[in-house]
>>> print(open('query.cif').read())   # mmCIF, C-alpha atoms
data_start
loop_
_atom_site.label_atom_id
_atom_site.label_comp_id
_atom_site.auth_asym_id
_atom_site.auth_seq_id
_atom_site.Cartn_x
_atom_site.Cartn_y
_atom_site.Cartn_z
CA MET K 311 7.74 -83.40 -37.54
CA ASN K 312 9.75 -81.65 -40.23
CA HIS K 313 11.54 -81.96 -43.58
CA GLN K 314 14.04 -84.47 -42.21
CA ASP K 315 11.21 -86.87 -41.40
CA VAL K 316 9.87 -86.57 -44.96
CA ASP K 317 13.38 -87.22 -46.29
CA ALA K 318 13.66 -90.31 -44.07
CA ALA K 319 10.28 -91.67 -45.20
CA VAL K 320 11.10 -91.15 -48.89
CA ALA K 321 14.52 -92.77 -48.43
CA GLU K 322 12.84 -95.75 -46.75
CA MET K 323 10.33 -96.01 -49.63
CA LEU K 324 13.19 -96.11 -52.12
CA ARG K 325 15.23 -98.54 -50.05
CA ILE K 326 12.44 -101.09 -49.85
CA LEU K 327 10.79 -100.65 -53.27
CA SER K 328 13.73 -100.05 -55.61
CA PRO K 329 14.91 -103.69 -55.54
CA HIS K 330 11.44 -104.76 -56.73
CA THR K 331 10.92 -102.55 -59.78
CA ALA K 332 11.11 -105.55 -62.13
CA ALA K 333 8.06 -107.09 -60.44
CA ASP K 334 4.51 -106.77 -61.76
CA TRP K 335 3.29 -103.37 -60.51
CA THR K 336 -0.12 -103.86 -62.13
CA VAL K 337 -1.26 -106.03 -59.19
CA PRO K 338 -3.43 -104.48 -56.47
CA ALA K 339 -1.53 -102.69 -53.71
CA GLY K 340 -2.54 -104.77 -50.71
CA PRO K 341 -6.11 -103.98 -49.69
CA LEU K 342 -6.45 -101.05 -52.10
CA GLU K 343 -8.30 -100.99 -55.39
CA TRP K 344 -5.32 -99.20 -56.93
CA THR K 345 -2.43 -101.07 -58.49
CA CYS K 346 1.04 -100.80 -57.00
CA TRP K 347 1.93 -98.41 -59.83
CA GLN K 348 -1.11 -96.20 -59.19
CA THR K 349 -0.38 -96.20 -55.47
CA ALA K 350 3.20 -95.04 -56.04
CA ALA K 351 1.89 -92.26 -58.31
CA HIS K 352 -0.60 -91.34 -55.57
CA ILE K 353 2.26 -90.93 -53.10
CA GLY K 354 3.84 -88.42 -55.47
CA HIS K 355 0.52 -86.67 -55.99
CA ASP K 356 -0.05 -86.13 -52.27
CA LEU K 357 3.52 -85.02 -51.57
CA LEU K 358 3.28 -82.48 -54.40
CA ALA K 359 -0.13 -81.27 -53.18
CA TYR K 360 1.25 -80.72 -49.67
CA ALA K 361 4.26 -78.81 -51.07
CA GLY K 362 1.91 -76.65 -53.13
CA GLN K 363 -0.25 -75.87 -50.11
CA LEU K 364 2.79 -74.77 -48.13
CA ALA K 365 4.08 -72.62 -51.00
CA ALA K 366 0.80 -70.87 -51.81
CA GLN K 367 -0.77 -70.93 -48.32
CA PRO K 368 -4.41 -71.03 -49.46
CA ALA K 369 -6.88 -70.54 -46.61
CA ASP K 370 -9.91 -72.43 -47.87
CA ALA K 371 -9.18 -75.08 -50.50
CA TYR K 372 -6.59 -77.22 -52.21
CA LEU K 373 -4.84 -75.70 -55.22
CA PRO K 374 -6.46 -76.70 -58.54
CA PHE K 375 -3.65 -78.89 -59.87
CA ASP K 376 -2.79 -82.57 -59.90
CA LEU K 377 0.28 -84.67 -60.62
CA ASN K 378 -0.02 -86.52 -63.91
CA VAL K 379 2.42 -89.42 -64.18
CA ARG K 380 2.51 -90.71 -67.73
CA PRO K 381 0.84 -94.12 -67.99
CA THR K 382 3.90 -95.40 -69.87
CA ALA K 383 6.20 -94.66 -66.91
CA SER K 384 8.02 -97.69 -65.56
CA PRO K 385 8.03 -98.49 -61.83
CA VAL K 386 11.51 -96.93 -61.65
CA GLU K 387 10.19 -93.74 -63.23
CA VAL K 388 7.10 -93.54 -61.02
CA LEU K 389 9.36 -93.91 -57.96
CA GLN K 390 11.55 -91.11 -59.35
CA ALA K 391 8.45 -88.91 -59.69
CA ALA K 392 7.36 -89.69 -56.13
CA THR K 393 10.88 -88.98 -54.89
CA ALA K 394 10.95 -85.63 -56.69
CA CYS K 395 7.64 -84.70 -55.08
CA GLY K 396 8.96 -85.76 -51.69
CA ARG K 397 11.97 -83.53 -52.16
CA LEU K 398 9.71 -80.62 -53.15
CA LEU K 399 7.73 -81.11 -49.94
CA SER K 400 10.94 -81.35 -47.95
CA SER K 401 12.23 -78.13 -49.50
CA ALA K 402 8.97 -76.31 -48.78
CA LEU K 403 9.04 -77.53 -45.18
CA ALA K 404 12.69 -76.52 -44.70
CA VAL K 405 11.89 -72.86 -45.36
CA ALA K 406 8.37 -72.69 -43.90
CA ASP K 407 7.79 -70.45 -40.93
CA PRO K 408 6.33 -72.57 -38.08
CA THR K 409 3.47 -70.06 -37.78
CA LEU K 410 2.46 -70.58 -41.43
CA ARG K 411 -1.02 -72.02 -41.97
CA ALA K 412 -2.37 -73.53 -45.18
CA TRP K 413 -5.59 -75.37 -45.85
CA HIS K 414 -6.08 -79.06 -45.22
CA TRP K 415 -9.71 -79.28 -44.09
CA GLY K 416 -8.91 -76.29 -41.90
CA PRO K 417 -5.71 -74.43 -41.01
CA CYS K 418 -2.73 -76.77 -40.98
CA ASP K 419 0.80 -75.97 -39.80
CA PRO K 420 4.03 -77.17 -41.46
CA GLU K 421 4.39 -79.96 -38.89
CA GLY K 422 0.97 -81.28 -39.94
CA PHE K 423 1.97 -81.30 -43.62
CA ALA K 424 5.21 -83.09 -42.73
CA ALA K 425 3.27 -85.70 -40.74
CA MET K 426 0.82 -86.23 -43.59
CA GLY K 427 3.67 -86.58 -46.08
CA VAL K 428 5.37 -89.18 -43.90
CA ALA K 429 2.09 -91.01 -43.32
CA GLU K 430 1.18 -91.13 -47.01
CA THR K 431 4.66 -92.37 -47.90
CA LEU K 432 4.88 -95.06 -45.22
CA LEU K 433 1.31 -96.32 -45.43
CA HIS K 434 1.23 -96.55 -49.19
CA THR K 435 4.70 -98.09 -49.29
CA HIS K 436 3.24 -100.71 -46.95
CA ASP K 437 0.30 -101.21 -49.36
CA ILE K 438 2.70 -101.64 -52.28
CA THR K 439 4.88 -104.12 -50.40
CA GLN K 440 1.79 -106.18 -49.65
CA GLY K 441 0.91 -106.22 -53.34
CA LEU K 442 4.45 -107.22 -54.29
CA SER K 443 4.68 -109.84 -51.49
CA VAL K 444 7.57 -108.03 -49.80
CA ASP K 445 7.83 -108.38 -46.02
CA TRP K 446 8.10 -104.83 -44.61
CA LEU K 447 6.59 -102.64 -41.93
CA PRO K 448 6.89 -98.88 -41.44
CA PRO K 449 9.70 -97.92 -39.04
CA ALA K 450 8.53 -97.51 -35.44
CA PRO K 451 10.09 -94.06 -34.78
CA LEU K 452 8.39 -92.47 -37.80
CA SER K 453 5.15 -94.31 -37.02
CA ALA K 454 5.24 -92.95 -33.45
CA ALA K 455 5.81 -89.39 -34.69
CA VAL K 456 2.89 -89.67 -37.13
CA LEU K 457 0.62 -91.02 -34.38
CA ASN K 458 1.63 -88.22 -32.05
CA ARG K 459 0.80 -85.50 -34.60
CA LEU K 460 -2.12 -86.92 -36.58
CA PHE K 461 -3.80 -89.42 -34.23
CA PRO K 462 -3.69 -87.89 -30.74
CA ALA K 463 -6.40 -90.27 -29.48
CA ALA K 464 -4.60 -93.41 -30.72
CA PRO K 465 -4.52 -96.30 -28.27
CA PRO K 466 -1.21 -97.34 -26.68
CA GLY K 467 0.89 -100.08 -28.21
CA ASP K 468 3.55 -100.78 -30.78
CA PRO K 469 3.54 -97.59 -32.89
CA THR K 470 3.71 -99.39 -36.24
CA GLN K 471 0.83 -101.71 -35.40
CA VAL K 472 -1.20 -98.84 -33.96
CA LEU K 473 -0.63 -96.72 -37.08
CA LEU K 474 -1.74 -99.60 -39.30
CA TRP K 475 -4.80 -100.08 -37.08
CA CYS K 476 -5.65 -96.35 -37.06
CA THR K 477 -5.69 -96.37 -40.86
CA GLY K 478 -7.70 -99.55 -41.32
CA ARG K 479 -4.71 -101.66 -42.37
CA GLY K 480 -4.48 -104.05 -39.46
CA GLY K 481 -5.99 -105.40 -36.30
CA LEU K 482 -5.17 -104.47 -32.73
CA ASP K 483 -5.84 -106.78 -29.79
CA GLY K 484 -9.15 -106.04 -28.13
CA LEU K 485 -10.23 -103.36 -30.59
CA PRO K 486 -12.51 -103.65 -33.62
CA ARG K 487 -10.84 -103.17 -36.98
CA GLN K 488 -11.17 -99.62 -38.30
CA THR K 489 -13.48 -99.35 -41.30
CA SER K 490 -13.36 -95.57 -41.56
CA TRP K 491 -10.87 -93.13 -40.18
CA ARG K 492 -9.38 -89.67 -40.53
CA TRP K 493 -6.40 -87.91 -39.16
CA GLU K 494 -6.33 -84.57 -37.39
CA ALA K 495 -3.94 -82.39 -39.37
CA ALA K 496 -5.74 -79.04 -39.11
CA ARG K 497 -5.30 -77.10 -35.89
CA SER K 498 -7.11 -73.97 -34.82
CA ASP K 499 -4.10 -72.49 -33.00
#
>>> encode(input="query.cif", output="structure tokens")
Amino acid sequence: MNHQDVDAAVAEMLRILSPHTAADWTVPAGPLEWTCWQTAAHIGHDLLAYAGQLAAQPADAYLPFDLNVRPTASPVEVLQAATACGRLLSSALAVADPTLRAWHWGPCDPEGFAAMGVAETLLHTHDITQGLSVDWLPPAPLSAAVLNRLFPAAPPGDPTQVLLWCTGRGGLDGLPRQTSWRWEAARSD
């Protein structure tokens, strides 16, 4: 995965959420305790954190900064902030040496940060659409790429449904619903 995948995920987030910025974003984002607004701000936070990790390349911790979206920001503005953070991650990925390693619970390569950025964007966009009662699912090609990089032990099946199952957001025939999960971004190589 690379910067183009992050760009595609952010473009998809904007495509599906921008028409709904007049809705009530104070409602819970699907199954989350966060509101739709807070979830969109969280997307930006994670994308910025991943960009920072790639830029500074710390070996043992996350950088000590956070994204602070003003509480008065409208849904349009919080989406703009998330988009800006996505573009920062994309820019960092575009120039990152593939051998670069930065900390995410161990050494993580640029492909891992790209996969996490795509996953955060797609999964939380899905959460927001559930809160706003918008019918949408993450695109299958991006879901498949995320599964391949972050969930190597994922069961076979429709990539979107498997990604939602792997992250506790849906059921999968014959398998118990996930109540806890983690992805495998760090690699020792």
>>> resolve_selection(input="query.cif", expression="the PyMOL selection byres ((chain K and resi 351) around 9)", output="ChimeraX atom specification")
/K:346-350,352-356,377-379,388-389,391-392
>>> resolve_selection(input="query.cif", expression="the PyMOL selection byres ((chain K and resi 465) around 12)", output="number ranges by chain")
K: 454, 457-458, 461-464, 466-476, 482-485
>>> closest_residue(input="query.cif", among="K:Ala318, K:Trp413, K:Ser328, K:Ala406", to="K:Pro368", atoms="all atoms listed in the file")
K:Trp413
>>> resolve_selection(input="query.cif", expression="the PyMOL selection byres ((chain K and resi 363) around 9)", output="ChimeraX atom specification")
/K:358-362,364-368,371-373,412-414,423
>>> closest_residue(input="query.cif", among="K:Val386, K:Val456, K:Ala339, K:Met323", to="K:Ala425", atoms="all atoms listed in the file")
K:Val456
>>> atom_distance(input="query.cif", atom1="atom CA of K:Asp315", atom2="atom CA of K:Pro451")
9.8 Å
>>> closest_residue(input="query.cif", among="K:Arg411, K:Arg492, K:Arg325, K:Arg479", to="K:Gln440", atoms="only C-alpha atoms")
K:Arg479
>>> residues_around(input="query.cif", residues="K:Ala496", least_positions_apart="6", cutoff="6 Å", atoms="all atoms listed in the file", output="PyMOL selection string")
chain K and resi 416-418
>>> closest_residue(input="query.cif", among="K:Thr345, K:Thr477, K:Ser443, K:Thr331", to="K:Ala429", atoms="only C-alpha atoms")
K:Thr477
>>> closest_residue(input="query.cif", among="K:Leu447, K:Leu357, K:Leu324, K:Leu452", to="K:Ala402", atoms="only C-alpha atoms")
K:Leu357
>>> closest_residue(input="query.cif", among="K:Met311, K:Leu342, K:Asp370, K:Ala495", to="K:Glu421", atoms="only C-alpha atoms")
K:Met311
>>> residues_near_point(input="query.cif", point="(9.6, -106.1, -50.9)", cutoff="8 Å", atoms="only C-alpha atoms", output="PyMOL selection string")
chain K and resi 326-327+329-330+439-440+442-446
